[in-house]
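Student: Below you'll find protein20.txt; it's compact mmCIF, C-alpha atoms and all ligand atoms.
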```
# COMPACT_ATOMS: atom_id res chain seq x y z
CA MET A 1 34.43 253.06 15.00
CA GLN A 2 37.56 254.39 16.57
CA PHE A 3 37.82 255.60 20.17
CA GLU A 4 40.90 257.52 21.32
CA ILE A 5 41.31 258.16 25.02
CA ILE A 6 43.71 260.79 26.35
CA THR A 7 44.60 260.16 30.00
CA ILE A 8 47.40 260.45 32.53
CA PHE A 9 46.52 256.90 33.66
CA PRO A 10 46.40 254.60 30.61
CA GLY A 11 46.90 251.67 32.99
CA PHE A 12 43.54 252.48 34.54
CA PHE A 13 41.86 250.87 31.53
CA ALA A 14 43.68 247.53 31.83
CA GLY A 15 40.99 244.91 31.86
CA ILE A 16 38.08 247.28 31.52
CA PHE A 17 37.63 246.72 27.78
CA GLU A 18 38.61 243.05 27.81
CA HIS A 19 35.29 241.44 28.60
CA GLY A 20 32.07 240.48 26.93
CA ILE A 21 30.66 242.57 24.13
CA VAL A 22 33.42 245.21 24.28
CA ARG A 23 36.13 242.60 23.82
CA ARG A 24 34.25 240.86 21.02
CA ALA A 25 33.53 244.08 19.15
CA GLN A 26 37.27 244.84 19.11
CA ALA A 27 38.20 241.28 18.11
CA GLU A 28 35.75 241.50 15.20
CA GLY A 29 37.22 244.81 14.09
CA LEU A 30 34.00 246.76 14.63
CA VAL A 31 35.62 248.98 17.22
CA SER A 32 39.14 250.02 18.14
CA ILE A 33 40.16 251.69 21.38
CA ALA A 34 43.51 253.49 21.61
CA LEU A 35 44.98 254.87 24.82
CA HIS A 36 47.23 257.92 24.75
CA ASP A 37 49.40 258.81 27.73
CA LEU A 38 49.24 262.55 28.27
CA ARG A 39 52.68 262.54 29.87
CA ALA A 40 54.18 261.49 26.55
CA PHE A 41 53.42 265.02 25.37
CA THR A 42 55.42 266.83 28.04
CA HIS A 43 58.99 268.01 27.58
CA ASP A 44 60.34 268.60 31.06
CA ARG A 45 62.22 266.17 33.29
CA HIS A 46 59.23 265.72 35.62
CA ARG A 47 56.76 265.20 32.78
CA THR A 48 54.54 267.88 34.26
CA VAL A 49 50.90 267.84 33.15
CA ASP A 50 49.42 270.16 35.79
CA ASP A 51 49.89 273.61 37.24
CA ARG A 52 48.39 275.86 39.90
CA PRO A 53 45.10 277.60 39.10
CA PHE A 54 45.11 281.24 38.09
CA GLY A 55 43.16 283.24 40.64
CA GLY A 56 44.12 280.96 43.49
CA GLY A 57 42.14 278.25 45.19
CA GLU A 58 42.86 274.66 45.94
CA GLY A 59 44.01 271.88 43.62
CA MET A 60 45.81 271.75 40.33
CA VAL A 61 44.68 272.14 36.73
CA LEU A 62 45.67 270.09 33.67
CA LYS A 63 47.86 272.37 31.55
CA PRO A 64 46.73 273.13 28.01
CA GLU A 65 49.99 272.52 26.12
CA PRO A 66 50.35 268.72 26.57
CA LEU A 67 46.65 268.24 25.80
CA ALA A 68 46.85 270.36 22.65
CA GLU A 69 49.95 268.47 21.58
CA ALA A 70 48.27 265.10 22.24
CA LEU A 71 45.29 266.18 20.15
CA GLU A 72 47.42 267.48 17.32
CA SER A 73 49.38 264.21 17.34
CA LEU A 74 46.04 262.53 16.56
CA ALA A 75 45.52 265.01 13.74
CA ILE A 76 42.76 266.74 15.70
CA LEU A 77 42.65 270.36 14.61
CA PRO A 78 41.05 273.15 16.62
CA LEU A 79 37.27 273.38 16.08
CA ALA A 80 37.57 276.44 13.88
CA LYS A 81 39.77 274.57 11.38
CA ARG A 82 37.83 271.33 11.60
CA GLN A 83 34.79 272.70 9.76
CA ASP A 84 36.54 272.10 6.44
CA GLU A 85 36.90 268.38 7.05
CA GLN A 86 34.39 265.96 5.61
CA ALA A 87 31.36 265.77 7.89
CA ASP A 88 31.20 261.98 8.16
CA SER A 89 34.85 261.48 8.99
CA ARG A 90 35.22 264.57 11.18
CA PRO A 91 36.52 263.54 14.60
CA TYR A 92 34.27 264.22 17.56
CA VAL A 93 36.01 265.39 20.72
CA LEU A 94 34.44 264.86 24.14
CA LEU A 95 35.67 266.42 27.35
CA MET A 96 34.77 264.37 30.42
CA SER A 97 33.53 266.96 32.89
CA ALA A 98 31.27 267.21 35.93
CA GLN A 99 30.10 270.48 34.38
CA GLY A 100 29.12 268.79 31.14
CA GLN A 101 25.81 268.03 29.48
CA PRO A 102 24.15 264.95 30.94
CA PHE A 103 25.22 261.80 29.12
CA THR A 104 22.00 259.99 28.21
CA GLN A 105 21.07 257.14 25.90
CA ALA A 106 19.94 259.76 23.36
CA VAL A 107 23.39 261.42 23.46
CA ALA A 108 24.99 257.98 23.14
CA ARG A 109 22.91 257.30 20.03
CA GLU A 110 24.12 260.55 18.48
CA ILE A 111 27.76 259.80 19.29
CA SER A 112 27.42 256.27 17.89
CA LYS A 113 26.95 257.74 14.40
CA ARG A 114 30.51 259.12 14.42
CA GLN A 115 33.49 257.28 13.00
CA ARG A 116 36.09 258.69 15.32
CA VAL A 117 35.57 259.81 18.90
CA VAL A 118 38.24 261.32 21.14
CA LEU A 119 37.73 261.36 24.90
CA ILE A 120 39.73 263.64 27.17
CA CYS A 121 39.97 262.56 30.80
CA GLY A 122 40.41 265.34 33.32
CA ARG A 123 42.08 265.00 36.71
CA TYR A 124 42.63 267.22 39.75
CA GLU A 125 40.36 270.31 39.54
CA GLY A 126 39.85 269.77 35.84
CA VAL A 127 41.24 270.85 32.48
CA ASP A 128 42.30 274.36 31.42
CA GLU A 129 39.10 275.74 29.90
CA ARG A 130 40.83 276.81 26.68
CA ILE A 131 41.10 273.15 25.67
CA ASN A 132 37.33 272.93 25.90
CA GLU A 133 36.89 276.14 23.99
CA LEU A 134 39.37 275.37 21.22
CA TYR A 135 38.99 271.64 20.64
CA CYS A 136 35.93 270.04 22.25
CA ASP A 137 32.62 269.37 20.54
CA MET A 138 30.90 268.48 23.78
CA GLU A 139 31.47 268.51 27.53
CA VAL A 140 29.97 265.33 28.92
CA SER A 141 28.93 264.50 32.48
CA ILE A 142 27.91 260.96 33.35
CA GLY A 143 25.90 262.07 36.38
CA ASP A 144 25.43 264.60 39.12
CA TYR A 145 28.38 263.59 41.24
CA VAL A 146 32.11 264.28 41.14
CA LEU A 147 34.59 261.55 40.21
CA SER A 148 38.29 261.84 40.90
CA GLY A 149 39.06 261.58 37.19
CA GLY A 150 37.50 261.33 33.74
CA GLU A 151 38.69 257.75 33.16
CA LEU A 152 35.65 256.02 34.64
CA ALA A 153 33.39 258.43 32.77
CA ALA A 154 35.22 257.73 29.49
CA ALA A 155 34.83 253.98 30.07
CA VAL A 156 31.09 254.47 30.65
CA VAL A 157 30.77 256.48 27.43
CA VAL A 158 32.78 253.98 25.34
CA ASP A 159 30.81 251.02 26.69
CA THR A 160 27.42 252.65 26.14
CA VAL A 161 28.16 254.07 22.67
CA MET A 162 29.88 250.95 21.46
CA ARG A 163 26.95 248.62 21.99
CA LEU A 164 24.82 250.87 19.76
CA ILE A 165 27.12 250.44 16.75
CA PRO A 166 25.48 248.24 14.14
CA GLY A 167 26.71 244.66 14.39
CA VAL A 168 28.05 244.92 17.94
CA LEU A 169 24.98 243.50 19.65
CA GLY A 170 23.95 240.13 18.27
CA ASN A 171 20.41 241.38 17.94
CA VAL A 172 20.00 244.88 16.50
CA ALA A 173 16.68 245.31 18.25
CA SER A 174 18.21 244.85 21.71
CA GLY A 175 19.46 248.42 21.60
CA GLU A 176 15.99 249.73 20.88
CA PHE A 177 13.94 247.60 23.22
CA GLU A 178 15.42 248.44 26.55
CA SER A 179 15.42 251.12 29.20
CA PHE A 180 15.60 254.57 27.57
CA GLY A 181 14.99 252.87 24.20
CA VAL A 182 13.84 254.87 21.20
CA GLY A 183 10.21 255.96 21.10
CA ASP A 184 7.54 253.64 19.69
CA ALA A 185 7.16 255.76 16.59
CA GLU A 186 10.80 255.23 15.65
CA ILE A 187 10.62 251.48 15.96
CA ASP A 188 9.99 249.48 12.88
CA ALA A 189 8.72 246.37 14.62
CA ASP A 190 5.72 244.18 14.19
CA VAL A 191 3.59 243.90 17.27
CA GLU A 192 2.77 240.28 16.52
CA GLY A 193 4.87 237.34 17.57
CA VAL A 194 6.94 236.86 20.69
CA PRO A 195 6.99 240.08 22.73
CA ARG A 196 10.61 241.08 22.65
CA SER A 197 12.53 242.89 25.29
CA GLN A 198 10.44 245.94 26.01
CA HIS A 199 8.27 246.24 22.98
CA GLY A 200 8.80 249.88 22.08
CA ALA A 201 10.24 251.39 25.22
CA GLY A 202 8.90 254.84 24.37
CA GLY A 203 11.21 256.32 26.96
CA LEU A 204 10.14 254.04 29.82
CA LEU A 205 12.33 251.79 31.93
CA ASP A 206 12.57 248.15 30.94
CA TYR A 207 10.23 245.58 32.49
CA PRO A 208 11.53 242.98 34.95
CA HIS A 209 13.05 239.81 33.49
CA TYR A 210 12.70 236.23 34.73
CA THR A 211 14.28 232.92 33.77
CA ARG A 212 14.23 229.37 35.12
CA PRO A 213 13.48 227.98 37.66
CA ALA A 214 9.78 228.87 37.68
CA GLU A 215 9.93 228.97 41.46
CA PHE A 216 12.95 230.26 43.35
CA ALA A 217 13.31 230.61 47.12
CA GLY A 218 9.55 230.26 47.41
CA VAL A 219 8.91 233.06 44.90
CA LYS A 220 7.14 232.15 41.67
CA ALA A 221 7.89 233.79 38.32
CA PRO A 222 4.75 235.62 37.16
CA GLU A 223 2.27 233.06 35.83
CA VAL A 224 1.44 235.18 32.77
CA LEU A 225 5.00 234.73 31.38
CA LEU A 226 4.66 230.96 31.42
CA ASN A 227 1.38 230.58 29.55
CA GLY A 228 2.58 231.58 26.06
CA ASP A 229 -0.19 234.12 25.41
CA HIS A 230 1.70 236.88 23.63
CA GLN A 231 -1.06 239.42 23.93
CA GLN A 232 -1.25 238.97 27.69
CA ILE A 233 2.52 238.97 28.05
CA ARG A 234 2.80 242.18 26.09
CA ARG A 235 0.18 243.88 28.26
CA TRP A 236 1.77 242.63 31.47
CA ARG A 237 5.19 243.86 30.41
CA ARG A 238 3.85 247.28 29.50
CA GLU A 239 2.16 247.53 32.90
CA GLN A 240 5.37 246.54 34.63
CA GLN A 241 7.30 249.20 32.71
CA LEU A 242 4.82 251.82 33.73
CA LYS A 243 4.87 250.63 37.33
CA LYS A 244 8.65 250.61 37.57
CA THR A 245 9.01 253.98 35.85
CA LEU A 246 6.37 255.49 38.13
CA ARG A 247 8.17 254.15 41.20
CA ASN A 248 11.82 254.77 40.26
CA ARG A 249 11.83 257.51 37.60
CA PRO A 250 8.54 259.45 37.55
CA ASP A 251 10.37 262.26 35.71
CA LEU A 252 10.61 260.04 32.61
CA LEU A 253 6.83 259.79 32.37
CA GLU A 254 6.57 263.43 31.40
CA ARG A 255 8.47 262.79 28.15
CA ALA A 256 7.36 259.23 27.48
CA ALA A 257 5.19 258.26 24.53
CA LEU A 258 2.05 257.08 26.34
CA SER A 259 -1.12 255.65 24.88
CA GLU A 260 -4.58 256.23 26.29
CA TYR A 261 -4.35 252.74 27.80
CA ASP A 262 -1.02 253.61 29.46
CA ARG A 263 -2.52 256.74 30.99
CA ARG A 264 -5.44 254.83 32.44
CA MET A 265 -3.05 252.23 33.87
CA LEU A 266 -0.96 254.96 35.46
CA GLU A 267 -3.97 256.65 36.96
CA GLY A 268 -4.94 253.36 38.55
CA MET A 269 -1.42 252.84 39.89
CA ARG A 270 -1.29 256.35 41.33
CA ARG A 271 -4.62 255.77 43.07
CA GLU A 272 -3.40 252.50 44.53
CA GLY A 273 -0.42 254.36 45.94
CA GLY A 274 3.20 253.40 46.23
CA GLU A 275 2.95 249.68 46.98
CA LYS A 276 5.95 247.78 45.68
N1 LIG A 301 36.41 270.82 39.85
C1 LIG A 301 35.54 270.02 39.06
C2 LIG A 301 35.70 268.53 39.36
C3 LIG A 301 36.98 267.95 38.89
S1 LIG A 301 37.01 266.23 39.09
C4 LIG A 301 34.10 270.42 39.32
O1 LIG A 301 33.77 270.76 40.45
O2 LIG A 301 33.30 270.37 38.39
C5 LIG A 301 38.33 265.76 38.02
C6 LIG A 301 37.94 265.24 36.66
O3 LIG A 301 37.10 264.12 36.80
C7 LIG A 301 37.19 266.20 35.78
O4 LIG A 301 38.05 267.05 35.09
C8 LIG A 301 36.46 265.26 34.83
O5 LIG A 301 37.28 264.88 33.75
C9 LIG A 301 36.21 264.05 35.70
N2 LIG A 301 34.84 264.00 36.22
C10 LIG A 301 34.45 264.22 37.50
N3 LIG A 301 33.14 264.06 37.63
C11 LIG A 301 32.65 263.74 36.41
C12 LIG A 301 31.35 263.45 35.90
N4 LIG A 301 30.29 263.49 36.68
N5 LIG A 301 31.25 263.14 34.59
C13 LIG A 301 32.32 263.13 33.78
N6 LIG A 301 33.58 263.38 34.21
C14 LIG A 301 33.74 263.69 35.51
```
Could the structure of this file be written out as structure tokens, please?
Ligand code: SAH
Tutor:
Amino acid sequence: MQFEIITIFPGFFAGIFEHGIVRRAQAEGLVSIALHDLRAFTHDRHRTVDDRPFGGGEGMVLKPEPLAEALESLAILPLAKRQDEQADSRPYVLLMSAQGQPFTQAVAREISKRQRVVLICGRYEGVDERINELYCDMEVSIGDYVLSGGELAAAVVVDTVMRLIPGVLGNVASGEFESFGVGDAEIDADVEGVPRSQHGAGGLLDYPHYTRPAEFAGVKAPEVLLNGDHQQIRRWRREQQLKKTLRNRPDLLERAALSEYDRRMLEGMRREGGEK
């Protein structure tokens, strides 16, 4: 998979993609990340990328011409002309924007099916809206807060999408059995054997993880995890997922795939109240 990032600060990314899984995925040729300096597509002495907003108001706006030129240099046609390209190799253009659709694990899974993804990083007050209109498949927001630029958002998107590409994670199932994992019904997993990370997340948060030592700073790891009874471990983990989701993200419960057993557990937890 190929990521192309258009930014006025290519240096911002120095180091950010050089660690862990992201570095390895590039070294193994599963992923490539190219940085494109927007200023290279200006033609004036000052390499101007911004201009004052029409209609007044504070701040500056990224001008459309250098962005359009940068996109065309990557052979990215306007949306209207892109329809003719082959669906599987059609580039997918994302505009990093606080006004965008929420970037979720589900969106990341969709993006991970693409071969070529272009990310446009805004700055100042944002990007001239015609770039969005003419070239972008999706406006993406990484959360309900305002960053000073799209670079951090692009790094978040690349990191999240990349680890969902087949072969990037050592264990394919890791991407399914974790917070915001795919629903139980979509998981082709046996329920026997060692309970793996979050057996069928079903839209819940992951359960807490423990490793050695069995006792740390006077706090013991839960006994149930040490006794090797897979059935009990699985039940405990499910309860912990429900507990954590109820405490930290009750909104997720509305969409989660819950069994009758889960619902009874939750009822009990709600009755007990918000103890930690
Ligand atoms: N005036 C804009 C904010 C501009 S912030 C507004 O109020 O919506 C400058 C740039 O940072 C944006 O163009 C965008 O590329 C990036 N950015 C800021 N917050 C973001 C977020 N939550 N998600 C993704 N990109 C964001």
Student: Find the residues near Tyr207 (chain A): any atom within 8 Å, counting only C-alpha atoms, skip ones fewer than 3 places away on the same chain, and give them as a list in words.
Tutor: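 The filter keeps Gln198, Arg237, Arg238, Gln240, Gln241 and Lys244 of chain A.
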Student: Quick one: of A:Gly15, A:Gly29, A:Pro166, A:Gly150, who's nearest to Gln2 (chain A), counting only C-alpha atoms?
Tutor: A:Gly29
Student: Report, in Å with one decimal, the straight-line distance from atom O2 of ligand LIG 301 (chain A) to CA of Val117 (chain A).
Tutor: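 CA of Val117 (chain A) lies at a distance of 22.3 Å from atom O2 of ligand LIG 301 (chain A).
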Student: For Gln105 (chain A), which residue among A:Ser259, A:Thr160, A:Gln232, A:Thr42 is the nearest when counting only C-alpha atoms?
Tutor: A:Thr160
Student: What does the list of residues within 9 Å of ligand LIG 301 (chain A) look like if you count all atoms listed in the file, written as a VMD selection string?
Tutor: chain A and resid 59 61 to 62 95 to 103 120 to 127 139 to 154
Student: May I ask which of the residues A:Cys136, A:Leu30, A:Ala106, A:Met162 is the closest one to Ala80 (chain A), counting all atoms listed in the file?
Tutor: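 Among the listed residues, the smallest separation from Ala80 (chain A) belongs to A:Cys136.
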Student: For CA of Asp229 (chain A) and CA of Arg247 (chain A), quote the distance in Å rounded to one decimal.
Tutor: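 Result for CA of Asp229 (chain A) versus CA of Arg247 (chain A): 26.8 Å, one decimal.
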Student: Considering all atoms listed in the file, state which residue in the set A:Tyr210, A:Phe17, A:Tyr92, A:Phe41 is at the smallest distance from Met1 (chain A).
Tutor: A:Tyr92
Student: Set the distance at 10 Å and use only C-alpha atoms: which residues neighbour Ile233 (chain A) once local chain neighbours fewer than 2 positions away are removed? I'd like the list as a list in words.
Tutor: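 Returned residues: Val194, Pro195, Arg196, Pro222, Glu223, Val224, Leu225, Leu226, Asn227, Gly228, Asp229, His230, Gln231, Arg235, Trp236, Arg237, Arg238 and Glu239 of chain A.
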Student: Using all atoms listed in the file, which residues sit within 12 Å of Asn248 (chain A) once same-chain residues fewer than 3 positions away are excluded, as a list in words?
Tutor: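 Returned residues: Leu204, Leu205, Asp206, Gln240, Gln241, Leu242, Lys243, Lys244, Thr245, Asp251, Leu252, Leu253, Gly274 and Lys276 of chain A.
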Student: Applying 12 Å and all atoms listed in the file, which residues near Arg82 (chain A) remain after dropping the ones on its own chain fewer than 5 positions away? List them as number ranges by chain.
Tutor: A: 72, 75-77, 87-93, 134-137
Student: For a quick check of your reading of the model, name the residues lying within 12 Å of the coordinate (57.3, 264.2, 32.4), counting only C-alpha atoms, and write them as a PyMOL selection string.
Tutor: chain A and resi 8+37-50+66
Student: How far is it from CA of Asp128 (chain A) to CA of Ser32 (chain A), in Å with one decimal?
Tutor: 27.9 Å
Student: Using all atoms listed in the file, pick whichever of A:Ile6, A:Met265, A:Ala155, A:Met138 has the shortest atom-to-atom distance to Glu69 (chain A).
Tutor: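 Smallest separation from Glu69 (chain A) among the options: A:Ile6.
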